[in-house]
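input_8.cif, holding mmCIF, C-alpha atoms:
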data_final
loop_
_atom_site.label_atom_id
_atom_site.label_comp_id
_atom_site.auth_asym_id
_atom_site.auth_seq_id
_atom_site.Cartn_x
_atom_site.Cartn_y
_atom_site.Cartn_z
CA MET A 177 -28.34 -54.93 50.31
CA ASP A 178 -25.41 -53.16 51.97
CA LYS A 179 -23.55 -50.94 49.51
CA ASN A 180 -19.98 -51.29 48.21
CA VAL A 181 -19.67 -54.56 50.10
CA LEU A 182 -16.21 -55.56 48.83
CA GLY A 183 -14.55 -52.13 48.82
CA THR A 184 -13.36 -52.88 45.27
CA ASN A 185 -14.85 -53.58 41.86
CA VAL A 186 -11.61 -54.65 40.14
CA ILE A 187 -11.99 -58.14 38.71
CA ALA A 188 -8.70 -59.93 39.42
CA GLN A 189 -9.51 -63.34 38.02
CA ILE A 190 -11.96 -65.40 36.00
CA GLY A 191 -12.15 -69.09 36.92
CA ILE A 192 -13.18 -71.78 34.42
CA ILE A 193 -13.92 -75.39 35.40
CA VAL A 194 -12.47 -78.01 33.05
CA LYS A 195 -12.34 -81.80 32.91
CA ASP A 196 -8.84 -82.21 31.47
CA ILE A 197 -6.58 -79.34 32.49
CA GLU A 198 -3.51 -80.61 30.62
CA LYS A 199 -5.42 -80.64 27.35
CA THR A 200 -7.31 -77.38 27.82
CA ALA A 201 -4.24 -75.50 29.11
CA GLN A 202 -2.38 -76.54 25.95
CA VAL A 203 -5.26 -75.30 23.76
CA TYR A 204 -5.25 -71.95 25.60
CA ALA A 205 -1.48 -71.67 25.24
CA ASP A 206 -1.66 -72.33 21.50
CA PHE A 207 -4.73 -70.18 20.86
CA PHE A 208 -3.28 -67.15 22.67
CA GLY A 209 0.34 -67.76 21.64
CA VAL A 210 1.76 -68.02 25.15
CA GLU A 211 3.71 -70.63 27.09
CA LYS A 212 1.71 -73.37 28.74
CA PRO A 213 1.92 -72.49 32.44
CA PRO A 214 2.84 -74.99 35.17
CA ILE A 215 -0.10 -76.96 36.53
CA ASN A 216 -0.28 -76.86 40.31
CA LEU A 217 -2.21 -79.02 42.74
CA THR A 218 -3.91 -77.24 45.64
CA ASP A 219 -2.61 -78.20 49.09
CA ALA A 220 -3.98 -81.19 51.00
CA VAL A 221 -6.67 -80.50 53.59
CA GLU A 222 -4.19 -80.55 56.51
CA GLN A 223 -2.44 -77.52 55.04
CA ALA A 224 -5.28 -75.85 53.13
CA GLU A 225 -7.89 -76.34 55.87
CA THR A 226 -10.43 -76.64 53.08
CA GLU A 227 -14.07 -76.35 54.10
CA TYR A 228 -17.04 -76.84 51.78
CA LYS A 229 -20.53 -75.94 53.03
CA GLY A 230 -19.26 -75.88 56.58
CA ASN A 231 -17.53 -79.26 56.54
CA SER A 232 -13.88 -80.16 56.16
CA THR A 233 -13.22 -81.72 52.76
CA GLU A 234 -10.29 -83.55 51.20
CA ALA A 235 -11.10 -81.92 47.87
CA ARG A 236 -8.17 -80.68 45.82
CA ALA A 237 -7.93 -79.23 42.34
CA LYS A 238 -5.36 -78.81 39.61
CA LEU A 239 -4.88 -75.16 38.65
CA ALA A 240 -3.32 -73.30 35.71
CA PHE A 241 -3.09 -69.51 35.49
CA PHE A 242 -2.87 -67.37 32.36
CA ASP A 243 -2.20 -63.61 32.46
CA MET A 244 -4.83 -62.08 30.16
CA GLY A 245 -4.32 -58.35 30.33
CA SER A 246 -4.76 -57.05 33.86
CA LEU A 247 -6.47 -60.17 35.13
CA GLN A 248 -5.78 -63.87 35.40
CA LEU A 249 -7.73 -66.60 33.72
CA GLU A 250 -7.67 -69.67 35.98
CA LEU A 251 -8.38 -73.19 34.74
CA ILE A 252 -9.55 -75.58 37.47
CA GLU A 253 -9.79 -79.38 37.27
CA PRO A 254 -11.55 -80.72 40.38
CA ASP A 255 -11.00 -84.11 41.96
CA GLN A 256 -13.88 -86.34 43.10
CA HIS A 257 -14.24 -84.99 46.65
CA PRO A 258 -17.01 -82.51 47.52
CA SER A 259 -16.19 -78.94 46.51
CA THR A 260 -17.66 -75.95 44.71
CA TRP A 261 -15.56 -77.02 41.73
CA ARG A 262 -16.86 -80.61 41.69
CA GLU A 263 -20.45 -79.50 42.23
CA TYR A 264 -20.23 -77.08 39.31
CA LEU A 265 -18.79 -79.74 37.00
CA ASP A 266 -21.44 -82.28 38.01
CA GLU A 267 -24.35 -79.86 37.72
CA HIS A 268 -23.32 -77.60 34.82
CA GLY A 269 -20.45 -79.29 33.05
CA GLU A 270 -17.37 -77.34 32.04
CA GLY A 271 -17.54 -73.56 31.92
CA PRO A 272 -17.00 -70.22 33.69
CA HIS A 273 -17.39 -70.67 37.47
CA HIS A 274 -16.41 -67.43 39.24
CA ILE A 275 -15.01 -63.93 39.15
CA ALA A 276 -12.51 -63.06 41.89
CA PHE A 277 -11.69 -59.88 43.82
CA VAL A 278 -8.71 -59.11 46.05
CA VAL A 279 -10.00 -57.82 49.39
CA GLU A 280 -8.66 -56.77 52.77
CA GLY A 281 -10.21 -58.02 55.98
CA MET A 282 -11.71 -61.20 54.59
CA GLU A 283 -13.39 -62.31 57.83
CA GLU A 284 -15.33 -59.07 57.98
CA LYS A 285 -16.26 -59.23 54.27
CA ILE A 286 -17.59 -62.76 54.73
CA LYS A 287 -19.70 -61.64 57.69
CA VAL A 288 -21.19 -58.72 55.76
CA MET A 289 -21.94 -60.89 52.73
CA GLU A 290 -23.56 -63.60 54.84
CA ALA A 291 -25.70 -60.91 56.50
CA ASN A 292 -26.80 -59.99 52.96
CA ASN A 293 -27.86 -63.59 52.17
CA MET A 294 -24.72 -64.45 50.26
CA PRO A 295 -23.49 -67.52 52.15
CA LEU A 296 -19.91 -68.75 52.36
CA GLN A 297 -19.69 -71.81 50.13
CA GLN A 298 -16.04 -72.87 50.36
CA LYS A 299 -12.83 -71.54 51.89
CA GLY A 300 -9.22 -72.54 52.17
CA GLU A 301 -5.64 -71.42 52.65
CA TYR A 302 -2.86 -71.24 50.07
CA THR A 303 0.76 -70.24 50.38
CA GLY A 304 0.63 -66.51 51.05
CA GLY A 305 -3.09 -66.10 51.49
CA ARG A 306 -6.59 -67.49 51.57
CA TYR A 307 -9.73 -67.67 49.46
CA ALA A 308 -13.47 -67.80 50.00
CA TYR A 309 -16.16 -68.65 47.47
CA MET A 310 -19.37 -66.79 48.26
CA ASP A 311 -22.71 -67.91 46.88
CA THR A 312 -23.64 -64.72 45.06
CA PHE A 313 -25.35 -66.51 42.19
CA LYS A 314 -28.90 -65.53 43.17
CA ASP A 315 -27.95 -61.84 43.16
CA LEU A 316 -25.05 -61.45 40.72
CA LYS A 317 -25.65 -64.48 38.43
CA VAL A 318 -22.06 -65.60 38.97
CA LEU A 319 -20.08 -66.81 41.98
CA VAL A 320 -17.71 -64.34 43.64
CA GLU A 321 -14.38 -65.48 45.06
CA LEU A 322 -12.62 -63.35 47.66
CA LEU A 323 -8.83 -63.46 47.74
CA GLU A 324 -6.80 -62.11 50.65
CA ASN A 325 -3.03 -62.04 50.40
CA ASP A 326 -0.70 -61.81 53.42
CA LYS A 327 1.38 -58.65 53.65
CA MET B 129 -4.67 -75.32 16.05
CA ASP B 130 -3.14 -72.18 14.56
CA LYS B 131 -1.19 -70.21 17.17
CA ASN B 132 -1.93 -66.74 18.57
CA VAL B 133 -5.14 -66.66 16.57
CA LEU B 134 -6.50 -63.36 17.93
CA GLY B 135 -3.24 -61.40 18.13
CA THR B 136 -4.22 -60.41 21.69
CA ASN B 137 -4.88 -62.08 25.03
CA VAL B 138 -6.31 -59.02 26.80
CA ILE B 139 -9.81 -59.77 28.08
CA ALA B 140 -11.86 -56.63 27.41
CA GLN B 141 -15.23 -57.81 28.67
CA ILE B 142 -17.13 -60.51 30.51
CA GLY B 143 -20.75 -61.01 29.46
CA ILE B 144 -23.41 -62.35 31.81
CA ILE B 145 -26.91 -63.38 30.68
CA VAL B 146 -29.73 -62.28 32.98
CA LYS B 147 -33.51 -62.51 32.97
CA ASP B 148 -34.28 -59.11 34.52
CA ILE B 149 -31.61 -56.55 33.68
CA GLU B 150 -33.24 -53.69 35.62
CA LYS B 151 -33.18 -55.72 38.82
CA THR B 152 -29.75 -57.27 38.40
CA ALA B 153 -28.13 -54.00 37.30
CA GLN B 154 -29.45 -52.37 40.48
CA VAL B 155 -28.00 -55.20 42.61
CA TYR B 156 -24.62 -54.81 40.89
CA ALA B 157 -24.69 -51.05 41.39
CA ASP B 158 -25.46 -51.43 45.09
CA PHE B 159 -23.05 -54.31 45.71
CA PHE B 160 -20.11 -52.54 44.05
CA GLY B 161 -21.07 -49.04 45.19
CA VAL B 162 -21.38 -47.51 41.73
CA GLU B 163 -24.08 -45.73 39.77
CA LYS B 164 -26.57 -47.91 37.94
CA PRO B 165 -25.58 -47.48 34.29
CA PRO B 166 -28.07 -46.70 31.51
CA ILE B 167 -29.72 -49.75 29.96
CA ASN B 168 -29.48 -49.78 26.19
CA LEU B 169 -31.36 -51.80 23.61
CA THR B 170 -29.33 -53.22 20.72
CA ASP B 171 -30.28 -51.90 17.30
CA ALA B 172 -33.06 -53.47 15.22
CA VAL B 173 -32.04 -55.98 12.56
CA GLU B 174 -32.22 -53.42 9.73
CA GLN B 175 -29.42 -51.46 11.36
CA ALA B 176 -27.55 -54.19 13.27
CA GLU B 177 -27.71 -56.73 10.41
CA THR B 178 -27.88 -59.39 13.10
CA GLU B 179 -27.22 -62.96 11.97
CA TYR B 180 -27.49 -66.03 14.17
CA LYS B 181 -26.24 -69.37 12.83
CA GLY B 182 -26.19 -67.99 9.31
CA ASN B 183 -29.71 -66.57 9.30
CA SER B 184 -30.95 -63.04 9.75
CA THR B 185 -32.68 -62.64 13.13
CA GLU B 186 -34.82 -59.97 14.71
CA ALA B 187 -33.23 -60.71 18.09
CA ARG B 188 -32.34 -57.76 20.27
CA ALA B 189 -31.04 -57.52 23.82
CA LYS B 190 -30.98 -55.03 26.64
CA LEU B 191 -27.41 -54.26 27.74
CA ALA B 192 -25.80 -52.65 30.80
CA PHE B 193 -22.06 -52.07 31.19
CA PHE B 194 -20.04 -51.78 34.41
CA ASP B 195 -16.36 -50.78 34.46
CA MET B 196 -14.68 -53.35 36.72
CA GLY B 197 -10.99 -52.49 36.69
CA SER B 198 -9.57 -52.61 33.19
CA LEU B 199 -12.45 -54.59 31.77
CA GLN B 200 -16.19 -54.25 31.40
CA LEU B 201 -18.79 -56.50 32.90
CA GLU B 202 -21.77 -56.63 30.54
CA LEU B 203 -25.26 -57.70 31.60
CA ILE B 204 -27.43 -58.98 28.75
CA GLU B 205 -31.19 -59.57 28.80
CA PRO B 206 -32.25 -61.33 25.59
CA ASP B 207 -35.63 -61.05 23.90
CA GLN B 208 -37.55 -64.07 22.58
CA HIS B 209 -36.06 -64.17 19.07
CA PRO B 210 -33.30 -66.68 18.21
CA SER B 211 -29.85 -65.57 19.37
CA THR B 212 -26.80 -66.83 21.23
CA TRP B 213 -28.16 -64.95 24.25
CA ARG B 214 -31.63 -66.56 24.10
CA GLU B 215 -30.16 -70.02 23.48
CA TYR B 216 -27.87 -69.68 26.49
CA LEU B 217 -30.73 -68.58 28.75
CA ASP B 218 -32.98 -71.40 27.56
CA GLU B 219 -30.31 -74.09 27.84
CA HIS B 220 -28.23 -72.98 30.87
CA GLY B 221 -30.25 -70.35 32.65
CA GLU B 222 -28.65 -67.14 33.84
CA GLY B 223 -24.86 -66.95 34.12
CA PRO B 224 -21.54 -66.05 32.48
CA HIS B 225 -21.83 -66.33 28.68
CA HIS B 226 -18.63 -65.00 27.05
CA ILE B 227 -15.29 -63.28 27.32
CA ALA B 228 -14.54 -60.63 24.70
CA PHE B 229 -11.41 -59.43 22.93
CA VAL B 230 -10.84 -56.33 20.83
CA VAL B 231 -9.33 -57.37 17.50
CA GLU B 232 -8.28 -55.83 14.22
CA GLY B 233 -9.28 -57.36 10.91
CA MET B 234 -12.34 -59.21 12.12
CA GLU B 235 -13.20 -60.84 8.78
CA GLU B 236 -9.77 -62.48 8.69
CA LYS B 237 -9.96 -63.56 12.35
CA ILE B 238 -13.35 -65.19 11.71
CA LYS B 239 -11.93 -67.08 8.73
CA VAL B 240 -8.95 -68.36 10.72
CA MET B 241 -11.14 -69.41 13.63
CA GLU B 242 -13.62 -71.19 11.37
CA ALA B 243 -10.70 -73.02 9.73
CA ASN B 244 -9.80 -74.15 13.27
CA ASN B 245 -13.29 -75.57 13.89
CA MET B 246 -14.52 -72.59 15.88
CA PRO B 247 -17.62 -71.57 13.91
CA LEU B 248 -19.17 -68.13 13.79
CA GLN B 249 -22.33 -68.27 15.92
CA GLN B 250 -23.71 -64.73 15.75
CA LYS B 251 -22.62 -61.37 14.39
CA GLY B 252 -23.94 -57.85 14.19
CA GLU B 253 -23.14 -54.18 13.90
CA TYR B 254 -23.31 -51.50 16.56
CA THR B 255 -22.64 -47.78 16.40
CA GLY B 256 -18.89 -47.54 15.88
CA GLY B 257 -18.10 -51.19 15.32
CA ARG B 258 -19.17 -54.81 15.07
CA TYR B 259 -19.14 -58.02 17.07
CA ALA B 260 -18.90 -61.72 16.39
CA TYR B 261 -19.57 -64.56 18.81
CA MET B 262 -17.40 -67.56 17.96
CA ASP B 263 -18.26 -71.03 19.19
CA THR B 264 -15.05 -71.75 21.09
CA PHE B 265 -16.78 -73.72 23.83
CA LYS B 266 -15.42 -77.12 22.77
CA ASP B 267 -11.85 -75.84 22.95
CA LEU B 268 -11.81 -73.00 25.51
CA LYS B 269 -14.86 -73.95 27.66
CA VAL B 270 -16.29 -70.46 27.21
CA LEU B 271 -17.57 -68.50 24.21
CA VAL B 272 -15.29 -65.85 22.73
CA GLU B 273 -16.67 -62.59 21.39
CA LEU B 274 -14.64 -60.55 18.93
CA LEU B 275 -15.10 -56.78 18.97
CA GLU B 276 -13.83 -54.52 16.18
CA ASN B 277 -14.13 -50.79 16.57
CA ASP B 278 -14.01 -48.34 13.67
CA LYS B 279 -11.05 -45.96 13.63
#
Written as structure tokens, how would this file's structure read?
Amino acid sequence: MDKNVLGTNVIAQIGIIVKDIEKTAQVYADFFGVEKPPINLTDAVEQAETEYKGNSTEARAKLAFFDMGSLQLELIEPDQHPSTWREYLDEHGEGPHHIAFVVEGMEEKIKVMEANNMPLQQKGEYTGGRYAYMDTFKDLKVLVELLENDK
Amino acid sequence: MDKNVLGTNVIAQIGIIVKDIEKTAQVYADFFGVEKPPINLTDAVEQAETEYKGNSTEARAKLAFFDMGSLQLELIEPDQHPSTWREYLDEHGEGPHHIAFVVEGMEEKIKVMEANNMPLQQKGEYTGGRYAYMDTFKDLKVLVELLENDK
């Protein structure tokens, strides 16, 4: 294992897979006494260039973000197309899916992680940046998402 | 659903259930480039007054804490006695188990949550405070732990 692979240990986000994001986002909003956030749909594959296990996928997800102290809690409702989100829901049901870290130099981080037997599982672009889910489950017992924001 | 039940939305901790805490703590330490923290055993039932689903239990767990930004990541290796930790490992395998919040007036918070169909699952004492795992999975898709520290 290479050491200090990410160059950070600040958890920026926790992602939770849900079946009905409208319903669960409302429960979160009520339980924590905050406004229900807008629910966004990830971009289509043409724009997001989404790849899952090395193949292009039409998968999209509905997302809702809550600010919970210094980090975000992200609710994710997957569609039916192949994705890390869909696979998690089919195999595990609803629940916590990943912890995310903001990194610099994502391509290099992915290479180092893959060299350490933590394969890239899914990646895509969003307005202002890109993400990569790395299969760290065997080592860290949770998936790690890398986030890189444009400057 | 009562609103703003906890009086806080600051996530203080993420708890991950593991089978071999020595091994996984070392992987975390290497991956994030930090010292491997000490591994502590929770107190015995006489001191911790541990209750799981309303019954006293001899369950104990090994714990390791990593500071990951403003929150802690907690690794938990359960023993064989009945507990929320053991149940999670038996039913789901290793993985993320709870998010925790520091509250004031725990007894009152537990009452309000139970009145909202979020039952107390496990509670216990530790040096300087107490914890309660609430079964929020149906509503929030993750367990919530309440932490109350003595002043």
Run the PyMOL selection byres ((chain A) within 6 of (chain B)) mentally over the shown coordinates, then write out the matched residues as a PyMOL selection string, using the chain letters and numbers from the document. chain A and resi 179-181+185-187+206-209+244-245+271+317-318
Give as a PyMOL selection string the set of residues within 10 Å of the point (-4.9, -79.9, 55.5), where distances use the file's coordinates and all atoms listed in the file. chain A and resi 219-227+232-234+300-301
Save out the residues we just selected, C-alpha atoms, as a compact mmCIF listing (two decimals), in the coordinates of the input.
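Now in again.txt:
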# COMPACT_ATOMS: atom_id res chain seq x y z
CA ASP A 219 -2.61 -78.20 49.09
CA ALA A 220 -3.98 -81.19 51.00
CA VAL A 221 -6.67 -80.50 53.59
CA GLU A 222 -4.19 -80.55 56.51
CA GLN A 223 -2.44 -77.52 55.04
CA ALA A 224 -5.28 -75.85 53.13
CA GLU A 225 -7.89 -76.34 55.87
CA THR A 226 -10.43 -76.64 53.08
CA GLU A 227 -14.07 -76.35 54.10
CA SER A 232 -13.88 -80.16 56.16
CA THR A 233 -13.22 -81.72 52.76
CA GLU A 234 -10.29 -83.55 51.20
CA GLY A 300 -9.22 -72.54 52.17
CA GLU A 301 -5.64 -71.42 52.65
Kindly compute an axis-aligned box around the listed atoms of range 301-304 of chain A, allowing 8 Å on each side, and express its centre and edge lengths in Å to one decimal as AutoDock Vina command-line options.
--center_x -2.4 --center_y -69.0 --center_z 51.4 --size_x 22.4 --size_y 20.9 --size_z 18.6
Decode the PyMOL selection byres ((chain B and resi 275) around 10) for the given file into explicit residues and return them as a ChimeraX atom specification. /B:140-141,228-234,251,253,257-261,272-274,276-277
How would the residues just picked look written out with C-alpha atoms as a short mmCIF file (atom, residue, chain, number, x, y, z; two decimals), in the coordinates of the input?
data_model
loop_
_atom_site.label_atom_id
_atom_site.label_comp_id
_atom_site.auth_asym_id
_atom_site.auth_seq_id
_atom_site.Cartn_x
_atom_site.Cartn_y
_atom_site.Cartn_z
CA ALA B 140 -11.86 -56.63 27.41
CA GLN B 141 -15.23 -57.81 28.67
CA ALA B 228 -14.54 -60.63 24.70
CA PHE B 229 -11.41 -59.43 22.93
CA VAL B 230 -10.84 -56.33 20.83
CA VAL B 231 -9.33 -57.37 17.50
CA GLU B 232 -8.28 -55.83 14.22
CA GLY B 233 -9.28 -57.36 10.91
CA MET B 234 -12.34 -59.21 12.12
CA LYS B 251 -22.62 -61.37 14.39
CA GLU B 253 -23.14 -54.18 13.90
CA GLY B 257 -18.10 -51.19 15.32
CA ARG B 258 -19.17 -54.81 15.07
CA TYR B 259 -19.14 -58.02 17.07
CA ALA B 260 -18.90 -61.72 16.39
CA TYR B 261 -19.57 -64.56 18.81
CA VAL B 272 -15.29 -65.85 22.73
CA GLU B 273 -16.67 -62.59 21.39
CA LEU B 274 -14.64 -60.55 18.93
CA GLU B 276 -13.83 -54.52 16.18
CA ASN B 277 -14.13 -50.79 16.57
#
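Selection check: the PyMOL selection byres ((chain A and resi 253) around 6) on the shown file gives Val194, Lys195, Ile197, Ala237, Lys238, Ile252 and Pro254 of chain A.
The interatomic distance for the pair CA of Trp261 in chain A and CA of Met294 in chain A works out to 17.7 Å.
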To one decimal place in Å, what is the distance between CA of Glu235 in chain B and CA of Asp278 in chain B? 13.4 Å
For a test of reading the model, state the distance in Å between CA of Arg188 in chain B and CA of Gln208 in chain B, rounded to one decimal. 8.5 Å
Just the residues within 12 Å of Ala291 in chain A, please, counting all atoms listed in the file, with nothing from its chain fewer than 4 positions along; format it as an NGL selection string. :A and (177-178 or 181 or 284-287 or 295-296 or 310)
Using C-alpha atoms, can you write the selected residues to a file as a CSV table (one decimal), in the coordinates of the input?
chain,number,residue,atom,x,y,z
A,177,MET,CA,-28.3,-54.9,50.3
A,178,ASP,CA,-25.4,-53.2,52.0
A,181,VAL,CA,-19.7,-54.6,50.1
A,284,GLU,CA,-15.3,-59.1,58.0
A,285,LYS,CA,-16.3,-59.2,54.3
A,286,ILE,CA,-17.6,-62.8,54.7
A,287,LYS,CA,-19.7,-61.6,57.7
A,295,PRO,CA,-23.5,-67.5,52.2
A,296,LEU,CA,-19.9,-68.8,52.4
A,310,MET,CA,-19.4,-66.8,48.3
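Distance check against Glu250 in chain A using only C-alpha atoms: of A:Asp311, A:Thr303, A:Pro214, A:Leu265, the minimum falls on A:Pro214.
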